[in-house]
file input.cif (mmCIF, C-alpha atoms)
data_final
loop_
_atom_site.label_atom_id
_atom_site.label_comp_id
_atom_site.auth_asym_id
_atom_site.auth_seq_id
_atom_site.Cartn_x
_atom_site.Cartn_y
_atom_site.Cartn_z
CA SER R 1 46.87 -22.52 -44.30
CA SER R 2 45.61 -19.55 -46.34
CA PRO R 3 42.12 -19.95 -47.81
CA GLY R 4 41.31 -21.46 -51.19
CA LYS R 5 40.04 -19.38 -54.10
CA PRO R 6 36.31 -18.59 -53.92
CA VAL R 7 34.22 -19.05 -57.08
CA ILE R 8 31.25 -16.84 -57.95
CA LEU R 9 28.55 -19.28 -59.01
CA LYS R 10 25.63 -17.26 -60.28
CA CYS R 11 23.78 -13.97 -60.16
CA ARG R 12 20.00 -13.72 -60.70
CA SER R 13 17.34 -11.03 -60.72
CA PRO R 14 13.70 -12.03 -60.10
CA GLU R 15 12.15 -8.82 -61.43
CA LYS R 16 14.88 -6.73 -63.07
CA GLU R 17 14.90 -4.37 -60.07
CA THR R 18 17.14 -6.16 -57.57
CA PHE R 19 19.63 -9.02 -57.87
CA THR R 20 21.56 -11.55 -55.83
CA CYS R 21 24.93 -13.27 -56.34
CA TRP R 22 26.06 -16.51 -54.77
CA TRP R 23 29.55 -17.91 -54.39
CA ASN R 24 31.27 -21.13 -53.45
CA PRO R 25 33.67 -20.23 -50.59
CA GLY R 26 36.26 -22.91 -51.36
CA SER R 27 38.52 -24.29 -48.57
CA ASP R 28 38.96 -22.16 -45.42
CA GLY R 29 42.43 -23.59 -44.69
CA GLY R 30 41.17 -24.91 -41.36
CA LEU R 31 40.99 -21.40 -39.93
CA PRO R 32 38.20 -18.89 -39.30
CA THR R 33 37.81 -17.20 -42.69
CA ASN R 34 36.01 -14.01 -43.69
CA TYR R 35 34.46 -13.42 -47.13
CA THR R 36 34.15 -9.97 -48.72
CA LEU R 37 32.33 -9.21 -51.96
CA THR R 38 33.48 -6.04 -53.71
CA TYR R 39 32.37 -4.55 -57.01
CA HIS R 40 32.67 -1.59 -59.30
CA LYS R 41 30.21 -0.48 -61.94
CA GLU R 42 30.80 0.41 -65.58
CA GLY R 43 31.49 4.10 -65.85
CA GLU R 44 32.70 4.34 -62.24
CA LYS R 45 36.06 3.76 -60.57
CA ILE R 46 34.78 3.57 -56.96
CA ILE R 47 35.01 0.13 -55.38
CA HIS R 48 31.94 -0.73 -53.31
CA GLU R 49 31.33 -3.53 -50.84
CA CYS R 50 28.32 -5.83 -50.84
CA PRO R 51 25.38 -3.88 -49.37
CA ASP R 52 23.67 -6.92 -47.79
CA TYR R 53 25.29 -10.25 -46.90
CA GLN R 54 22.30 -11.47 -44.85
CA SER R 55 19.01 -11.36 -46.69
CA ARG R 56 19.67 -14.17 -49.14
CA GLY R 57 21.47 -16.65 -46.88
CA PRO R 58 25.11 -17.76 -46.55
CA ASN R 59 27.69 -16.97 -49.24
CA SER R 60 25.40 -14.51 -50.97
CA CYS R 61 25.09 -10.81 -51.61
CA PHE R 62 21.77 -9.04 -52.19
CA PHE R 63 21.62 -5.79 -54.18
CA SER R 64 18.40 -3.94 -53.45
CA LYS R 65 16.82 -1.43 -55.88
CA LYS R 66 19.03 1.31 -54.47
CA TYR R 67 22.16 -0.56 -55.60
CA THR R 68 20.85 -1.98 -58.88
CA SER R 69 21.37 -0.37 -62.30
CA ILE R 70 20.28 -1.96 -65.56
CA TRP R 71 22.28 -1.84 -68.80
CA THR R 72 25.42 -1.54 -66.72
CA ILE R 73 28.24 -4.05 -66.25
CA TYR R 74 29.12 -4.90 -62.65
CA VAL R 75 32.63 -6.30 -62.10
CA ILE R 76 32.33 -8.45 -58.97
CA THR R 77 35.04 -10.17 -56.89
CA VAL R 78 34.89 -12.25 -53.69
CA THR R 79 37.93 -12.33 -51.41
CA ALA R 80 38.53 -14.94 -48.67
CA THR R 81 40.75 -13.85 -45.78
CA ASN R 82 42.10 -15.64 -42.69
CA GLN R 83 45.14 -15.11 -40.49
CA MET R 84 47.39 -16.92 -42.96
CA GLY R 85 46.48 -14.82 -45.97
CA SER R 86 43.78 -14.13 -48.53
CA SER R 87 42.60 -15.34 -51.91
CA ALA R 88 40.44 -13.55 -54.49
CA SER R 89 38.03 -15.03 -57.00
CA ASP R 90 38.25 -14.34 -60.70
CA PRO R 91 36.23 -11.22 -61.60
CA HIS R 92 32.62 -11.94 -62.53
CA TYR R 93 30.98 -9.61 -65.09
CA VAL R 94 27.24 -9.12 -64.71
CA ASP R 95 24.62 -6.97 -66.45
CA VAL R 96 21.27 -7.31 -64.67
CA THR R 97 19.51 -6.95 -68.04
CA TYR R 98 20.50 -10.50 -68.95
CA ILE R 99 20.06 -12.39 -65.64
CA VAL R 100 16.31 -12.09 -65.12
CA GLU R 101 14.72 -15.30 -63.85
CA PRO R 102 11.36 -14.74 -62.15
CA ASN R 103 9.93 -16.71 -59.24
CA PRO R 104 7.24 -19.22 -60.23
CA PRO R 105 3.60 -18.14 -60.66
CA MET R 106 1.33 -18.51 -57.60
CA ASN R 107 -2.19 -19.36 -56.48
CA LEU R 108 -2.71 -22.10 -59.03
CA THR R 109 -6.40 -23.08 -58.95
CA LEU R 110 -8.13 -25.85 -60.89
CA ASP R 111 -11.86 -26.07 -61.62
CA ILE R 112 -14.10 -28.31 -63.71
CA LYS R 113 -16.53 -26.13 -65.64
CA ARG R 114 -19.75 -27.45 -67.19
CA PRO R 115 -21.27 -24.75 -69.43
CA GLU R 116 -24.77 -25.65 -70.50
CA ASP R 117 -24.32 -25.36 -74.21
CA ARG R 118 -20.77 -26.63 -74.55
CA LYS R 119 -18.39 -29.40 -73.52
CA PRO R 120 -17.04 -29.45 -69.98
CA TYR R 121 -13.47 -28.30 -69.49
CA LEU R 122 -10.73 -27.94 -66.90
CA TRP R 123 -10.24 -24.28 -66.02
CA ILE R 124 -6.73 -23.44 -64.82
CA LYS R 125 -6.04 -20.06 -63.17
CA TRP R 126 -2.92 -18.56 -61.54
CA SER R 127 -1.35 -15.29 -60.46
CA PRO R 128 1.97 -13.75 -61.48
CA PRO R 129 4.80 -14.03 -58.91
CA THR R 130 4.82 -11.23 -56.39
CA LEU R 131 7.09 -8.20 -56.73
CA VAL R 132 7.09 -8.37 -60.55
CA ASP R 133 5.78 -5.17 -62.13
CA ILE R 134 3.85 -6.26 -65.20
CA ARG R 135 1.58 -3.18 -65.20
CA SER R 136 4.02 -0.55 -66.40
CA GLY R 137 5.63 -2.47 -69.29
CA TRP R 138 8.90 -2.84 -67.38
CA LEU R 139 8.57 -6.60 -67.53
CA ILE R 140 6.22 -8.75 -69.60
CA LEU R 141 5.60 -12.29 -68.37
CA GLN R 142 4.60 -15.25 -70.52
CA TYR R 143 3.38 -18.54 -69.10
CA GLU R 144 3.54 -22.24 -69.82
CA ILE R 145 1.36 -24.97 -68.33
CA ARG R 146 2.08 -28.65 -68.06
CA LEU R 147 -0.25 -31.42 -66.96
CA LYS R 148 -0.40 -35.19 -66.95
CA PRO R 149 -2.37 -38.04 -65.47
CA GLU R 150 -0.83 -38.88 -62.09
CA LYS R 151 0.76 -42.14 -63.25
CA ALA R 152 1.76 -40.99 -66.71
CA ALA R 153 5.42 -40.48 -67.58
CA GLU R 154 5.07 -37.70 -70.14
CA TRP R 155 3.85 -34.16 -69.49
CA GLU R 156 1.57 -32.37 -71.93
CA THR R 157 2.69 -28.75 -72.31
CA HIS R 158 0.72 -25.66 -73.40
CA PHE R 159 2.06 -22.13 -74.01
CA ALA R 160 -0.42 -19.59 -72.57
CA GLY R 161 1.19 -16.34 -73.72
CA GLN R 162 0.51 -13.47 -71.33
CA GLN R 163 -2.87 -14.68 -70.06
CA THR R 164 -3.25 -16.06 -66.52
CA GLN R 165 -5.95 -18.62 -67.23
CA PHE R 166 -6.35 -21.51 -69.57
CA LYS R 167 -9.00 -24.06 -70.60
CA ILE R 168 -8.28 -27.72 -71.30
CA PHE R 169 -10.98 -29.77 -73.01
CA SER R 170 -9.31 -33.04 -73.88
CA LEU R 171 -8.80 -35.09 -70.67
CA TYR R 172 -9.21 -38.72 -69.60
CA PRO R 173 -12.34 -39.10 -67.48
CA GLY R 174 -11.84 -40.50 -63.99
CA GLN R 175 -8.11 -39.77 -63.86
CA ASN R 176 -6.19 -37.66 -61.32
CA TYR R 177 -4.31 -34.91 -63.12
CA LEU R 178 -1.17 -33.08 -61.90
CA VAL R 179 -0.86 -29.47 -63.11
CA GLN R 180 2.01 -26.94 -62.89
CA VAL R 181 2.71 -23.48 -64.33
CA ARG R 182 5.93 -21.55 -64.93
CA CYS R 183 6.72 -18.11 -66.37
CA LYS R 184 9.36 -16.28 -68.38
CA PRO R 185 10.06 -12.57 -68.91
CA ASP R 186 10.04 -11.15 -72.43
CA HIS R 187 13.84 -11.34 -72.23
CA GLY R 188 15.27 -13.80 -69.70
CA PHE R 189 15.04 -17.27 -68.24
CA TRP R 190 12.14 -19.56 -67.42
CA SER R 191 11.22 -19.73 -63.74
CA ASN R 192 11.09 -23.08 -61.97
CA TRP R 193 7.78 -24.89 -62.23
CA GLY R 194 5.35 -23.70 -59.58
CA HIS R 195 3.73 -25.83 -56.91
CA GLU R 196 1.97 -28.91 -58.23
CA ASN R 197 -1.79 -28.98 -57.99
CA ILE R 198 -3.98 -32.08 -58.47
CA ILE R 199 -7.58 -32.59 -59.56
CA GLN R 200 -9.73 -35.59 -60.26
CA ILE R 201 -11.52 -35.52 -63.62
CA PRO R 202 -15.12 -36.74 -63.22
CA SER R 203 -15.87 -40.05 -64.88
CA ASP R 204 -18.70 -38.45 -66.91
CA PHE R 205 -16.26 -35.89 -68.43
CA THR R 206 -16.96 -36.55 -72.12
CA VAL R 207 -13.83 -36.61 -74.28
CA ASN R 208 -15.46 -36.46 -77.77
CA ASP R 209 -17.76 -33.80 -79.16
CA THR R 210 -21.36 -34.70 -78.49
CA PRO S 1 -7.48 -3.18 -91.78
CA ALA S 2 -7.78 0.57 -92.32
CA CYS S 3 -4.33 0.92 -93.82
CA ALA S 4 -4.16 -2.21 -95.94
CA GLY S 5 -2.25 -1.71 -99.18
CA GLY S 6 -0.41 1.28 -97.77
CA ALA S 7 -2.86 3.92 -98.90
CA ALA S 8 -1.04 7.25 -99.18
CA ASN S 9 -3.02 9.20 -96.64
CA CYS S 10 -3.35 6.22 -94.30
CA ARG S 11 -3.00 7.14 -90.64
CA LEU S 12 -2.65 4.31 -88.17
CA SER S 13 -4.01 4.75 -84.68
CA LEU S 14 -1.46 5.36 -81.94
CA GLN S 15 -2.29 1.95 -80.49
CA ASP S 16 -1.55 0.24 -83.80
CA LEU S 17 1.67 2.22 -84.22
CA PHE S 18 2.85 1.24 -80.75
CA THR S 19 1.76 -2.38 -81.19
CA ARG S 20 3.81 -2.62 -84.38
CA ALA S 21 6.76 -0.75 -82.87
CA VAL S 22 6.90 -3.02 -79.79
CA ALA S 23 6.60 -6.17 -81.90
CA LEU S 24 9.49 -4.88 -84.02
CA SER S 25 11.69 -3.79 -81.10
CA ASP S 26 11.11 -7.10 -79.30
CA ASN S 27 12.15 -8.99 -82.43
CA ILE S 28 15.15 -6.75 -83.14
CA TYR S 29 16.45 -7.38 -79.63
CA LYS S 30 16.03 -11.14 -79.96
CA VAL S 31 18.00 -11.11 -83.24
CA ALA S 32 20.68 -8.92 -81.66
CA GLU S 33 20.83 -11.30 -78.69
CA ASP S 34 21.26 -14.28 -81.04
CA ALA S 35 23.94 -12.43 -83.03
CA PHE S 36 25.86 -11.60 -79.83
CA ARG S 37 25.62 -15.19 -78.52
CA ASP S 38 26.71 -16.58 -81.88
CA PHE S 39 29.69 -14.26 -82.04
CA GLN S 40 30.62 -15.00 -78.43
CA LYS S 41 30.39 -18.77 -79.00
CA THR S 42 32.32 -18.64 -82.28
CA TYR S 43 35.05 -16.14 -81.46
CA ALA S 44 35.05 -15.12 -77.81
CA THR S 45 34.76 -18.23 -75.66
CA GLY S 46 37.24 -18.05 -72.80
CA ARG S 47 38.85 -14.84 -74.05
CA GLU S 48 37.24 -12.43 -71.54
CA PHE S 49 36.46 -9.80 -74.20
CA ILE S 50 33.76 -8.54 -71.81
CA SER S 51 36.41 -6.85 -69.66
CA ARG S 52 37.37 -4.67 -72.65
CA ALA S 53 33.75 -3.94 -73.57
CA ILE S 54 33.25 -1.90 -70.43
CA ASN S 55 32.62 1.78 -71.23
CA SER S 56 32.92 0.94 -74.92
CA CYS S 57 29.46 1.87 -76.24
CA HIS S 58 29.39 5.01 -78.36
CA THR S 59 25.87 5.68 -77.13
CA SER S 60 26.91 5.92 -73.47
CA SER S 61 27.14 9.66 -74.06
CA ILE S 62 23.34 9.68 -74.33
CA PRO S 63 21.96 9.92 -70.77
CA THR S 64 19.22 7.29 -70.42
CA PRO S 65 17.26 5.89 -67.46
CA ALA S 66 19.21 3.09 -65.75
CA ASP S 67 16.42 1.51 -63.69
CA LYS S 68 12.68 1.16 -63.55
CA ASP S 69 11.88 4.18 -61.40
CA GLN S 70 14.02 6.46 -63.56
CA ALA S 71 12.33 5.12 -66.70
CA LEU S 72 8.80 5.48 -65.32
CA ASN S 73 9.53 8.98 -64.03
CA THR S 74 10.92 10.16 -67.38
CA GLU S 75 8.46 12.28 -69.28
CA SER S 76 7.05 10.53 -72.38
CA GLY S 77 8.32 13.09 -74.87
CA THR S 78 11.83 12.80 -73.43
CA LEU S 79 11.75 9.00 -73.50
CA LEU S 80 10.47 9.00 -77.08
CA ASN S 81 13.35 11.25 -78.11
CA MET S 82 15.85 9.00 -76.34
CA VAL S 83 14.56 6.01 -78.31
CA ARG S 84 14.76 8.03 -81.49
CA GLY S 85 18.26 9.21 -80.64
CA LEU S 86 19.49 5.68 -79.90
CA LEU S 87 18.07 4.39 -83.18
CA ARG S 88 19.60 7.27 -85.18
CA SER S 89 22.94 6.68 -83.47
CA TRP S 90 22.98 3.10 -84.74
CA GLU S 91 22.28 3.86 -88.40
CA ASP S 92 25.93 4.52 -89.30
CA PRO S 93 27.53 1.62 -87.36
CA LEU S 94 24.91 -0.83 -88.65
CA GLN S 95 25.57 0.22 -92.23
CA HIS S 96 29.32 -0.29 -91.78
CA LEU S 97 28.83 -3.52 -89.85
CA THR S 98 26.65 -4.87 -92.66
CA THR S 99 29.12 -4.02 -95.41
CA THR S 100 32.14 -5.15 -93.39
CA VAL S 101 30.82 -8.57 -92.39
CA ARG S 102 29.44 -9.18 -95.89
CA ASP S 103 32.94 -8.89 -97.33
CA MET S 104 34.51 -11.18 -94.72
CA LYS S 105 34.77 -14.78 -95.93
CA GLU S 106 35.18 -16.19 -92.42
CA PHE S 107 31.97 -14.70 -91.05
CA PRO S 108 29.19 -17.34 -90.83
CA ALA S 109 26.27 -16.73 -93.21
CA ASP S 110 23.84 -16.79 -90.29
CA MET S 111 25.61 -13.92 -88.59
CA ILE S 112 25.68 -11.86 -91.79
CA ARG S 113 21.95 -12.46 -92.30
CA ARG S 114 21.19 -11.38 -88.73
CA VAL S 115 23.17 -8.16 -89.06
CA GLN S 116 21.35 -7.34 -92.30
CA GLU S 117 18.01 -8.14 -90.63
CA ILE S 118 18.80 -5.85 -87.69
CA GLU S 119 19.81 -3.00 -90.01
CA TYR S 120 16.65 -3.33 -92.08
CA LYS S 121 14.28 -3.60 -89.11
CA THR S 122 15.97 -0.81 -87.18
CA HIS S 123 15.39 1.45 -90.15
CA GLN S 124 11.71 0.40 -90.17
CA LEU S 125 11.46 1.11 -86.44
CA ARG S 126 12.97 4.56 -86.94
CA GLU S 127 10.27 5.38 -89.48
CA GLY S 128 7.64 4.16 -87.05
CA MET S 129 9.08 6.34 -84.31
CA GLU S 130 8.77 9.45 -86.48
CA LYS S 131 5.04 8.70 -86.91
CA ILE S 132 4.55 8.01 -83.21
CA ILE S 133 6.28 11.22 -82.13
CA LYS S 134 4.26 13.23 -84.63
CA GLN S 135 1.06 11.90 -83.04
CA VAL S 136 2.15 12.00 -79.40
CA GLU S 137 3.99 15.31 -79.20
CA PRO S 138 4.55 16.95 -82.61
CA GLY S 139 6.78 19.75 -81.39
CA VAL S 140 9.07 17.61 -79.28
CA ILE S 141 11.48 16.20 -81.89
CA ASN S 142 15.02 16.78 -80.63
CA ASP S 143 17.85 16.08 -83.04
CA ASP S 144 20.48 16.84 -80.40
CA ILE S 145 20.08 13.38 -78.90
CA PHE S 146 22.62 11.59 -81.05
CA ALA S 147 25.95 9.82 -80.59
CA ALA S 148 28.45 9.70 -83.42
CA TRP S 149 30.27 6.44 -84.03
CA SER S 150 33.96 6.34 -84.82
CA GLY S 151 34.62 2.63 -84.55
CA LEU S 152 35.15 1.68 -88.20
CA SER S 153 38.91 1.37 -87.82
CA SER S 154 38.43 -1.09 -84.95
CA LEU S 155 36.61 -3.41 -87.39
CA GLN S 156 39.09 -3.12 -90.25
CA GLU S 157 42.57 -2.32 -88.92
CA GLY S 158 45.06 -4.03 -86.62
CA ASP S 159 45.60 -7.74 -86.05
CA LYS S 160 42.84 -10.31 -85.99
CA ASN S 161 42.48 -10.23 -82.22
CA SER S 162 42.00 -6.46 -82.01
CA ARG S 163 39.47 -6.60 -84.84
CA LEU S 164 37.59 -9.33 -83.00
CA VAL S 165 37.52 -7.08 -79.93
CA GLY S 166 36.07 -4.34 -82.14
CA PHE S 167 33.31 -6.64 -83.38
CA TYR S 168 32.63 -7.97 -79.88
CA ASN S 169 32.16 -4.46 -78.52
CA LEU S 170 29.76 -3.58 -81.32
CA PHE S 171 27.66 -6.72 -80.84
CA HIS S 172 27.71 -6.17 -77.07
CA CYS S 173 26.55 -2.56 -77.39
CA LEU S 174 23.94 -3.42 -80.04
CA ARG S 175 22.47 -6.05 -77.73
CA ARG S 176 22.35 -3.54 -74.89
CA ASP S 177 20.82 -0.66 -76.85
CA THR S 178 18.22 -2.78 -78.63
CA ASN S 179 17.19 -4.02 -75.18
CA LYS S 180 16.90 -0.41 -73.94
CA VAL S 181 14.84 0.63 -76.97
CA ASP S 182 12.53 -2.37 -76.51
CA ASN S 183 12.06 -1.75 -72.79
CA TYR S 184 11.43 1.98 -73.17
CA LEU S 185 8.90 1.37 -75.97
CA LYS S 186 7.00 -1.16 -73.84
CA ILE S 187 6.83 1.37 -71.01
CA LEU S 188 5.76 4.13 -73.40
CA LYS S 189 3.02 1.93 -74.86
CA CYS S 190 1.61 1.28 -71.38
CA LYS S 191 1.91 4.98 -70.49
CA VAL S 192 0.58 6.56 -73.67
CA VAL S 193 -1.92 3.97 -74.92
CA HIS S 194 -3.05 2.29 -71.69
CA GLU S 195 -2.67 5.24 -69.27
CA GLY S 196 0.12 3.51 -67.32
CA SER S 197 -1.67 0.29 -66.60
CA CYS S 198 -1.16 -2.50 -69.08
#
call {"tool": "encode", "arguments": {"input": "input.cif", "output": "structure tokens"}}
result
Amino acid sequence: SSPGKPVILKCRSPEKETFTCWWNPGSDGGLPTNYTLTYHKEGEKIIHECPDYQSRGPNSCFFSKKYTSIWTIYVITVTATNQMGSSASDPHYVDVTYIVEPNPPMNLTLDIKRPEDRKPYLWIKWSPPTLVDIRSGWLILQYEIRLKPEKAAEWETHFAGQQTQFKIFSLYPGQNYLVQVRCKPDHGFWSNWGHENIIQIPSDFTVNDT
Amino acid sequence: PACAGGAANCRLSLQDLFTRAVALSDNIYKVAEDAFRDFQKTYATGREFISRAINSCHTSSIPTPADKDQALNTESGTLLNMVRGLLRSWEDPLQHLTTTVRDMKEFPADMIRRVQEIEYKTHQLREGMEKIIKQVEPGVINDDIFAAWSGLSSLQEGDKNSRLVGFYNLFHCLRRDTNKVDNYLKILKCKVVHEGSC
């Protein structure tokens, strides 16, 4: 039979310079079915086809920098076609300005520091996700850390602002701690939590002020 | 600080001016974003107003950078004037939006407060821009960058649905342009104050 109606699921940009859209193909009617993503941009009448169906996996379309404009509405449609007929999705309206969701921060490192004149602390350091330009002011990233003793149920969360390191003083000696970091652009969505890192807090790690 | 109490001949450093301007533009955008989401949730859910908002912004006549490379390659004086032009182009619609929503019983108080807040802070930001431009490039002020707004009738005339479309378009365009202003100011701050490397 002719194919079912595809549904455009989501579009996301990791750094406000490129973006990707994903769709649910729907039923193929039991026949070989081809999917075509077409779009037109605000201020233009020309209909374009997806520039890259491959880079981001099945049922996706990747728009590189060359095809990405900000502050511009894209009207996107996916059409399924087989020998019995075709079926088009509802139009999906996207402005890349509002779909920014970065990749998680990287290179999370944990260290116990023992300064001579002060209490010991856990020093947490990380790097911004790659490909995000935070030097020019195009995108500003803010970070959030969460940690908890390995067997604890609740996470303890700290907002780190724009810095990429953080000190934690109050920890339970002798416990294994899990730590994760995530980031958010000045205007956009939180990333997923980054890879978990674990550290054992020494048993002589004093909790109170001495 | 040097300018506490608003001394008459007080002259803030360029860094302070930009720091205040970026804090203001970031906040203005967030309020505009909240106002748009509120309006969308209250009046536009499932009504696909977005399809009629395309090409609806009165400021689309102002050519502005549409991606990062264009923005970074735009000369600072030109970008400053674009920000100034966008802000000036919103003075009239914001004034009318403020008075119109204030007189409308059905508009939620929160939305009215946000519109008033945006109008007030946008005016503050405009004043800040005049000071910044005077310090960065005194001779570069260009009054030609301006877009007139003729959308008052869309807010006041016609049936309820067409008026709602008028409001939707305005909130949509305000969200967009406040985002542009914020982004351009953050780039300018890095360029002018931190020599391109924040």
call {"tool": "residues_around", "arguments": {"input": "input.cif", "residues": "Ser87 of chain R", "least_positions_apart": "5", "cutoff": "12 Å", "atoms": "all atoms listed in the file", "output": "JSON, numbers by chain"}}
result
{"R": [1, 2, 3, 4, 5, 6, 7, 25, 26, 27, 28, 29, 33, 34, 35, 36, 37, 77, 78, 79, 80, 81, 82]}
call {"tool": "atom_distance", "arguments": {"input": "input.cif", "atom1": "atom CA of Arg114 of chain S", "atom2": "atom CA of Leu87 of chain S"}}
result
17.0 Å
call {"tool": "residues_around", "arguments": {"input": "input.cif", "residues": "Gln200 of chain R", "least_positions_apart": "4", "cutoff": "7 Å", "atoms": "all atoms listed in the file", "output": "CSV table (one decimal) with C-alpha atoms, in the frame of the given file"}}
result
chain,number,residue,atom,x,y,z
R,174,GLY,CA,-11.8,-40.5,-64.0
R,175,GLN,CA,-8.1,-39.8,-63.9
R,176,ASN,CA,-6.2,-37.7,-61.3
R,177,TYR,CA,-4.3,-34.9,-63.1
call {"tool": "atom_distance", "arguments": {"input": "input.cif", "atom1": "atom CA of Tyr184 of chain S", "atom2": "atom CA of Val94 of chain R"}}
result
21.1 Å
call {"tool": "closest_atom_pairs", "arguments": {"input": "input.cif", "of": "chain R", "to": "chain S", "cutoff": "7 Å", "atoms": "only C-alpha atoms", "output": "tab-separated table"}}
result
residue	atom	partner	partner_atom	distance
R:Glu17	CA	S:Lys68	CA	6.9
R:Glu42	CA	S:Ile54	CA	5.9
R:Gly43	CA	S:Asn55	CA	6.0
R:Ser69	CA	S:Ala66	CA	5.3
R:Ile70	CA	S:Ala66	CA	5.2
R:Trp71	CA	S:Arg176	CA	6.3
R:Ile73	CA	S:Ile54	CA	6.9
R:Arg135	CA	S:Cys198	CA	4.8
R:Ser136	CA	S:Gly196	CA	5.7
R:Gly137	CA	S:Ile187	CA	4.4
R:Trp138	CA	S:Ile187	CA	5.9
call {"tool": "closest_residue", "arguments": {"input": "input.cif", "among": "S:Ile141, S:Met104, S:Ile112, S:Ala147", "to": "Leu80 of chain S", "atoms": "all atoms listed in the file"}}
result
S:Ile141
call {"tool": "atom_distance", "arguments": {"input": "input.cif", "atom1": "atom CA of Phe19 of chain R", "atom2": "atom CA of Tyr67 of chain R"}}
result
9.1 Å
call {"tool": "closest_residue", "arguments": {"input": "input.cif", "among": "S:Ala35, S:Met82, S:Leu94, S:Met129", "to": "Asn142 of chain S", "atoms": "only C-alpha atoms"}}
result
S:Met82
call {"tool": "resolve_selection", "arguments": {"input": "input.cif", "expression": "the PyMOL selection byres ((chain S and resi 163) around 12)", "output": "mmCIF file with C-alpha atoms, keeping the file's coordinate frame"}}
result
data_model
loop_
_atom_site.group_PDB
_atom_site.id
_atom_site.type_symbol
_atom_site.label_atom_id
_atom_site.label_comp_id
_atom_site.auth_asym_id
_atom_site.auth_seq_id
_atom_site.Cartn_x
_atom_site.Cartn_y
_atom_site.Cartn_z
ATOM 1 C CA TYR S 43 35.050 -16.140 -81.460
ATOM 2 C CA ALA S 44 35.050 -15.120 -77.810
ATOM 3 C CA PHE S 49 36.460 -9.800 -74.200
ATOM 4 C CA THR S 100 32.140 -5.150 -93.390
ATOM 5 C CA VAL S 101 30.820 -8.570 -92.390
ATOM 6 C CA MET S 104 34.510 -11.180 -94.720
ATOM 7 C CA GLY S 151 34.620 2.630 -84.550
ATOM 8 C CA LEU S 152 35.150 1.680 -88.200
ATOM 9 C CA SER S 153 38.910 1.370 -87.820
ATOM 10 C CA SER S 154 38.430 -1.090 -84.950
ATOM 11 C CA LEU S 155 36.610 -3.410 -87.390
ATOM 12 C CA GLN S 156 39.090 -3.120 -90.250
ATOM 13 C CA GLU S 157 42.570 -2.320 -88.920
ATOM 14 C CA GLY S 158 45.060 -4.030 -86.620
ATOM 15 C CA ASP S 159 45.600 -7.740 -86.050
ATOM 16 C CA LYS S 160 42.840 -10.310 -85.990
ATOM 17 C CA ASN S 161 42.480 -10.230 -82.220
ATOM 18 C CA SER S 162 42.000 -6.460 -82.010
ATOM 19 C CA LEU S 164 37.590 -9.330 -83.000
ATOM 20 C CA VAL S 165 37.520 -7.080 -79.930
ATOM 21 C CA GLY S 166 36.070 -4.340 -82.140
ATOM 22 C CA PHE S 167 33.310 -6.640 -83.380
ATOM 23 C CA TYR S 168 32.630 -7.970 -79.880
ATOM 24 C CA ASN S 169 32.160 -4.460 -78.520
ATOM 25 C CA LEU S 170 29.760 -3.580 -81.320
#
call {"tool": "residues_around", "arguments": {"input": "input.cif", "residues": "Lys125 of chain R", "least_positions_apart": "3", "cutoff": "8 Å", "atoms": "only C-alpha atoms", "output": "MDAnalysis selection string"}}
result
chainID R and resid 107:110 164:166
call {"tool": "residues_around", "arguments": {"input": "input.cif", "residues": "Gly77 of chain S", "least_positions_apart": "5", "cutoff": "8 Å", "atoms": "all atoms listed in the file", "output": "PyMOL selection string"}}
result
chain S and resi 133+136-137+140
call {"tool": "resolve_selection", "arguments": {"input": "input.cif", "expression": "the PyMOL selection byres ((chain R and resi 62) around 8)", "output": "JSON, numbers by chain"}}
result
{"R": [18, 19, 20, 21, 50, 51, 52, 53, 54, 55, 56, 60, 61, 63, 64]}
call {"tool": "resolve_selection", "arguments": {"input": "input.cif", "expression": "the PyMOL selection byres ((chain R and resi 178) around 6)", "output": "mmCIF file with C-alpha atoms, in the coordinates of the input"}}
result
data_model
loop_
_atom_site.group_PDB
_atom_site.id
_atom_site.type_symbol
_atom_site.label_atom_id
_atom_site.label_comp_id
_atom_site.auth_asym_id
_atom_site.auth_seq_id
_atom_site.Cartn_x
_atom_site.Cartn_y
_atom_site.Cartn_z
ATOM 1 C CA LEU R 147 -0.250 -31.420 -66.960
ATOM 2 C CA LYS R 148 -0.400 -35.190 -66.950
ATOM 3 C CA GLU R 150 -0.830 -38.880 -62.090
ATOM 4 C CA TYR R 177 -4.310 -34.910 -63.120
ATOM 5 C CA VAL R 179 -0.860 -29.470 -63.110
ATOM 6 C CA ASN R 197 -1.790 -28.980 -57.990
ATOM 7 C CA ILE R 198 -3.980 -32.080 -58.470
#
call {"tool": "closest_residue", "arguments": {"input": "input.cif", "among": "S:Ala148, S:Leu86, S:Leu97, S:Ala21", "to": "Met111 of chain S", "atoms": "only C-alpha atoms"}}
result
S:Leu97
call {"tool": "closest_residue", "arguments": {"input": "input.cif", "among": "S:Ile118, S:Phe171, S:Asp144, S:Phe39", "to": "Thr78 of chain S", "atoms": "all atoms listed in the file"}}
result
S:Asp144
call {"tool": "residues_around", "arguments": {"input": "input.cif", "residues": "Lys121 of chain S", "least_positions_apart": "4", "cutoff": "7 Å", "atoms": "only C-alpha atoms", "output": "list in words"}}
result
Ile28, Glu117 and Leu125 of chain S
call {"tool": "closest_residue", "arguments": {"input": "input.cif", "among": "R:Ser89, R:Asn103, R:Thr68, R:Gln83", "to": "Trp23 of chain R", "atoms": "only C-alpha atoms"}}
result
R:Ser89
call {"tool": "residues_near_point", "arguments": {"input": "input.cif", "point": "(-11.9, -22.5, -68.1)", "cutoff": "7 Å", "atoms": "all atoms listed in the file", "output": "ChimeraX atom specification"}}
result
/R:113,121-124,166-167
